[in-house]
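Notes follow the structure.
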Amino acid sequence: MKLTKETFMHFLSFTPKCLKTFVILLTIGTVACGSALATDQDTDTGSVLSKLKASATEIVNQATQKNQLLLFRFGAELGLSLDAWEAANSDLLTTRFNTLKKPHQVFLKDIEELLSEVSRVVYAAETIEQLTTDWKKDAGLISLVDELPAVTSYAPAVITPLNTESTLKISFKGKGFKHAPPKLIFDGIEASLISNSDNEISFRLDAETIVFKNKARILNATLLTYRPDKPDEETSGQYELRFKIPFMIMPKHPGNYKVISEYTQTVDHNSTFRNEFRHSSDKPALNCKAFNQRPSLPGRKMKNVRLERAWGENGRERILNANPNGFSIEICVARQNKPYLGNPPGKRNVIYTWDEYWQETENSKSASLGKFEWGKEVLIKLEKNTRDFEVTVNNNTGETIRLNNESSHPFYKLSFDSDANKLRITQQIPASINQL
């Protein structure tokens, strides 16, 4: 199959719908892969190949920074095809590109056109589903590498804690694997070979070998294959054919969340009040007067009525009654028995203090923060009488997603139990991510 714009526009057509949706969320952006076509220039083939490999590497790097999962695999497998072609045709690297045989020119030009197309595409929903991996199934590459090993695809290229619970199986498809048992060196550790045929090989890797960090990263493993010539022990090194296999190691946590909830609550209030009461009399006998005090505002209650201060001449005071709805006091005074002053009126000033308490319904907010765990839902206990809430999700690409109780999102599902005041956040991660 020729690598044309038409074949390019079918990339990912094999992906299940749920995985396409998941990938769309993580693949919005552009990939810059160079400018002028190297194959349009009168230059040596080695220079053309170097530029193509650099563009494929740039796709891998940028895809890792933005968690662009399918693009990562696309760039990685494209690079492996170029590596296979280079290993089989190293004698052509110094040849002028425009003097190559037609099949070689077509192969490299098609890849270059594909890379150029990728650099101009915005990976949103309407385009990401139209890309295709048919290029890697093209028999053209196989015919150009003779009997040498070639890797056309591998899985998983993306490694998450979901596919490494105990052991991780890594499979490669291509050709030329039968010449000698291949080896996979992953982060300095040799994986166990569990199946081997000419077109497909599989390895098993202990999960503890893989270290997940805070951000996605590239881990370059080495696939060691062998040329078809049977080497002797002294020259075995030159018969080795090594492929650099990039893996995207996803972050330890797929993102973090923040939940802001709005709720009504009944708040208890207390405050202290005071009032001054006065009474005077010029009568010789005690003259008593009652005073009533009610709460400062309707709906409030009173307690702890107490005398704070009293002053004056020839008088007394007392509390007649006190309850939550108010209190009454009595002040009694008589004229002063001071003939030398003309028996002036008696006076009494008192200050009483009391506490008022009441409840008010107020609007409040609370915040809950945390990190997602791969494949696990989040259960958050919200406040009683929650009226509304907003969930802010930050994934590891810097993208911010805001959700509420009415939101519909293909990657996150919210469910709120108003009776139990519990919010459940479910990550809808498709199982097919393990096949990337």
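Starting from 1 in every chain, residues are counted up; chains themselves are A, B, ... following the order of the structure tokens, and ligands are numbered from 1 as listed.
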Q: List every residue of range 63-249 of chain A that DSSP, applied to the backbone of this structure, places in strand (DSSP E or B), and write the result as JSON, numbers by chain.
A: {"A": [96, 131, 150, 151, 152, 153, 154, 155, 158, 159, 167, 168, 169, 170, 171, 172, 173, 174, 175, 183, 184, 185, 186, 189, 190, 192, 193, 194, 195, 196, 200, 201, 202, 203, 204, 205, 206, 217, 218, 219, 220, 221, 222, 223, 224, 225, 226, 240, 241, 242, 243, 244, 245, 246, 247, 248, 249]}
Any chance you can output those residues with C-alpha atoms as a PDB file, in the first residue's frame?
```
ATOM      1  CA  ARG A  96      22.237  10.334  -4.047  1.00  0.00           C
ATOM      2  CA  LEU A 131      -5.601   8.449  10.753  1.00  0.00           C
ATOM      3  CA  ALA A 150      12.227  -5.805  11.044  1.00  0.00           C
ATOM      4  CA  VAL A 151       9.736  -4.572  13.670  1.00  0.00           C
ATOM      5  CA  THR A 152       6.470  -3.290  12.234  1.00  0.00           C
ATOM      6  CA  SER A 153       4.471  -3.003  15.459  1.00  0.00           C
ATOM      7  CA  TYR A 154       4.617  -3.717  19.168  1.00  0.00           C
ATOM      8  CA  ALA A 155       2.294  -3.556  22.133  1.00  0.00           C
ATOM      9  CA  VAL A 158       2.087   2.814  26.415  1.00  0.00           C
ATOM     10  CA  ILE A 159       2.568   1.383  29.892  1.00  0.00           C
ATOM     11  CA  THR A 167       3.673  -9.065  34.969  1.00  0.00           C
ATOM     12  CA  LEU A 168       3.724  -7.243  31.674  1.00  0.00           C
ATOM     13  CA  LYS A 169       3.586  -9.032  28.340  1.00  0.00           C
ATOM     14  CA  ILE A 170       5.279  -7.190  25.474  1.00  0.00           C
ATOM     15  CA  SER A 171       4.770  -8.454  21.937  1.00  0.00           C
ATOM     16  CA  PHE A 172       6.502  -7.531  18.680  1.00  0.00           C
ATOM     17  CA  LYS A 173       5.336  -8.192  15.136  1.00  0.00           C
ATOM     18  CA  GLY A 174       7.449  -8.065  12.015  1.00  0.00           C
ATOM     19  CA  LYS A 175       9.783 -10.555  10.375  1.00  0.00           C
ATOM     20  CA  LYS A 183      16.430 -10.490  23.667  1.00  0.00           C
ATOM     21  CA  LEU A 184      14.649  -7.504  25.171  1.00  0.00           C
ATOM     22  CA  ILE A 185      16.625  -5.338  27.581  1.00  0.00           C
ATOM     23  CA  PHE A 186      14.206  -3.126  29.525  1.00  0.00           C
ATOM     24  CA  ILE A 189      16.879  -5.907  32.901  1.00  0.00           C
ATOM     25  CA  GLU A 190      16.507  -8.735  30.428  1.00  0.00           C
ATOM     26  CA  SER A 192      11.880 -13.406  29.694  1.00  0.00           C
ATOM     27  CA  LEU A 193      11.200 -14.709  26.187  1.00  0.00           C
ATOM     28  CA  ILE A 194       7.882 -16.584  26.272  1.00  0.00           C
ATOM     29  CA  SER A 195       7.142 -17.157  22.553  1.00  0.00           C
ATOM     30  CA  ASN A 196       9.134 -16.902  19.368  1.00  0.00           C
ATOM     31  CA  GLU A 200       6.004 -12.485  16.230  1.00  0.00           C
ATOM     32  CA  ILE A 201       7.819 -12.620  19.547  1.00  0.00           C
ATOM     33  CA  SER A 202       6.627 -12.017  23.113  1.00  0.00           C
ATOM     34  CA  PHE A 203       8.404 -11.266  26.378  1.00  0.00           C
ATOM     35  CA  ARG A 204       7.367 -11.207  30.000  1.00  0.00           C
ATOM     36  CA  LEU A 205       8.556  -8.501  32.370  1.00  0.00           C
ATOM     37  CA  ASP A 206       8.051  -8.331  36.132  1.00  0.00           C
ATOM     38  CA  ARG A 217       8.372   9.770  30.272  1.00  0.00           C
ATOM     39  CA  ILE A 218      10.087   7.827  27.536  1.00  0.00           C
ATOM     40  CA  LEU A 219      11.981   4.666  28.382  1.00  0.00           C
ATOM     41  CA  ASN A 220      14.071   3.313  25.523  1.00  0.00           C
ATOM     42  CA  ALA A 221      14.431  -0.448  25.661  1.00  0.00           C
ATOM     43  CA  THR A 222      16.670  -2.491  23.368  1.00  0.00           C
ATOM     44  CA  LEU A 223      15.410  -5.329  21.228  1.00  0.00           C
ATOM     45  CA  LEU A 224      18.357  -7.480  20.257  1.00  0.00           C
ATOM     46  CA  THR A 225      17.808  -9.529  17.088  1.00  0.00           C
ATOM     47  CA  TYR A 226      20.173 -11.360  14.784  1.00  0.00           C
ATOM     48  CA  GLU A 240      23.523  -8.464  16.124  1.00  0.00           C
ATOM     49  CA  LEU A 241      20.833  -6.044  15.007  1.00  0.00           C
ATOM     50  CA  ARG A 242      19.629  -3.756  17.751  1.00  0.00           C
ATOM     51  CA  PHE A 243      16.374  -1.814  17.711  1.00  0.00           C
ATOM     52  CA  LYS A 244      15.703   1.044  20.101  1.00  0.00           C
ATOM     53  CA  ILE A 245      12.148   0.535  21.347  1.00  0.00           C
ATOM     54  CA  PRO A 246      10.573   3.603  22.967  1.00  0.00           C
ATOM     55  CA  PHE A 247       7.910   3.084  25.618  1.00  0.00           C
ATOM     56  CA  MET A 248       5.741   5.807  27.077  1.00  0.00           C
ATOM     57  CA  ILE A 249       5.650   5.241  30.824  1.00  0.00           C
TER      58      ILE A 249
END
```
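A straight line drawn from CA of Ala334 in chain A to CA of Phe291 in chain A is 17.4 Å long.
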Residues within 8 Å of range 347-362 of chain A, only C-alpha atoms, excluding chain neighbours under 5 positions, as a PDB file with C-alpha atoms, in the first residue's frame:
```
ATOM      1  CA  THR A 264     -26.357  25.537  53.273  1.00  0.00           C
ATOM      2  CA  GLN A 265     -25.674  25.087  56.929  1.00  0.00           C
ATOM      3  CA  THR A 266     -27.214  26.147  60.187  1.00  0.00           C
ATOM      4  CA  VAL A 267     -24.719  28.198  62.132  1.00  0.00           C
ATOM      5  CA  ASP A 268     -24.935  28.853  65.885  1.00  0.00           C
ATOM      6  CA  HIS A 269     -24.270  32.420  66.952  1.00  0.00           C
ATOM      7  CA  ASN A 270     -23.666  33.901  70.388  1.00  0.00           C
ATOM      8  CA  SER A 271     -23.222  37.482  71.448  1.00  0.00           C
ATOM      9  CA  THR A 272     -23.173  39.455  74.689  1.00  0.00           C
ATOM     10  CA  PHE A 273     -25.402  42.479  75.244  1.00  0.00           C
ATOM     11  CA  ARG A 274     -25.815  45.009  78.059  1.00  0.00           C
ATOM     12  CA  ASN A 275     -28.260  47.719  79.033  1.00  0.00           C
ATOM     13  CA  GLU A 276     -28.411  50.402  81.679  1.00  0.00           C
ATOM     14  CA  PHE A 277     -31.556  50.910  83.719  1.00  0.00           C
ATOM     15  CA  ARG A 278     -32.298  54.017  85.920  1.00  0.00           C
ATOM     16  CA  HIS A 279     -34.845  54.889  88.600  1.00  0.00           C
ATOM     17  CA  SER A 280     -35.216  57.729  91.067  1.00  0.00           C
ATOM     18  CA  SER A 281     -37.783  58.773  93.713  1.00  0.00           C
ATOM     19  CA  PRO A 295     -33.881  39.931  72.822  1.00  0.00           C
ATOM     20  CA  GLY A 299     -35.863  34.782  66.774  1.00  0.00           C
ATOM     21  CA  ARG A 300     -33.085  35.192  69.314  1.00  0.00           C
ATOM     22  CA  LYS A 301     -32.990  33.696  72.785  1.00  0.00           C
ATOM     23  CA  MET A 302     -31.433  34.912  76.025  1.00  0.00           C
ATOM     24  CA  LYS A 303     -29.470  33.336  78.842  1.00  0.00           C
ATOM     25  CA  ASN A 304     -26.988  34.130  81.623  1.00  0.00           C
ATOM     26  CA  VAL A 305     -28.619  37.349  82.821  1.00  0.00           C
ATOM     27  CA  ARG A 306     -26.312  38.994  85.379  1.00  0.00           C
ATOM     28  CA  LEU A 307     -25.689  42.256  87.137  1.00  0.00           C
ATOM     29  CA  GLU A 308     -22.557  43.911  85.874  1.00  0.00           C
ATOM     30  CA  ARG A 309     -22.583  47.182  87.825  1.00  0.00           C
ATOM     31  CA  ALA A 310     -24.808  49.211  90.176  1.00  0.00           C
ATOM     32  CA  TRP A 311     -24.419  52.657  91.663  1.00  0.00           C
ATOM     33  CA  GLY A 312     -26.538  55.385  93.294  1.00  0.00           C
ATOM     34  CA  GLU A 313     -28.064  56.365  96.650  1.00  0.00           C
ATOM     35  CA  ASN A 314     -30.651  54.652  98.791  1.00  0.00           C
ATOM     36  CA  GLY A 315     -31.822  51.917  96.413  1.00  0.00           C
ATOM     37  CA  ARG A 316     -31.607  48.274  95.457  1.00  0.00           C
ATOM     38  CA  GLU A 317     -32.307  46.015  92.474  1.00  0.00           C
ATOM     39  CA  ILE A 331     -35.315  48.795  90.985  1.00  0.00           C
ATOM     40  CA  CYS A 332     -36.506  50.255  94.282  1.00  0.00           C
ATOM     41  CA  VAL A 333     -35.368  53.651  95.651  1.00  0.00           C
ATOM     42  CA  ALA A 334     -36.460  56.184  98.360  1.00  0.00           C
TER      43      ALA A 334
END
```
(Q) To one decimal place in Å, what is the distance between CA of Asn323 in chain A and CA of Ser296 in chain A? (A) 14.4 Å
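Atom pair CA of Gly370 in chain A / CA of Lys258 in chain A: separated by 6.7 Å.
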Env of Thr43 in chain A: 9 Å cut, atoms = only C-alpha atoms, seq-sep filter 6 positions within chain, self excluded. Answer as a compact mmCIF listing (two decimals) with C-alpha atoms, in the first residue's frame.
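Result file result_21.txt:
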```
# COMPACT_ATOMS: atom_id res chain seq x y z
CA THR A 95 24.02 7.28 -2.64
CA ARG A 96 22.24 10.33 -4.05
CA PHE A 97 18.60 9.98 -3.22
CA ASN A 98 17.40 10.66 -6.73
```
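Shortest separation to Ala54 in chain A among A:Leu115, A:Phe107, A:Asp42, A:Ala322 occurs at residue A:Leu115, atoms counted being only C-alpha atoms.
Among the candidate residues A:Phe372, A:Phe177, A:Phe389, A:Tyr239, the one lying nearest to Ile260 in chain A is A:Phe389, with distances computed using only C-alpha atoms.
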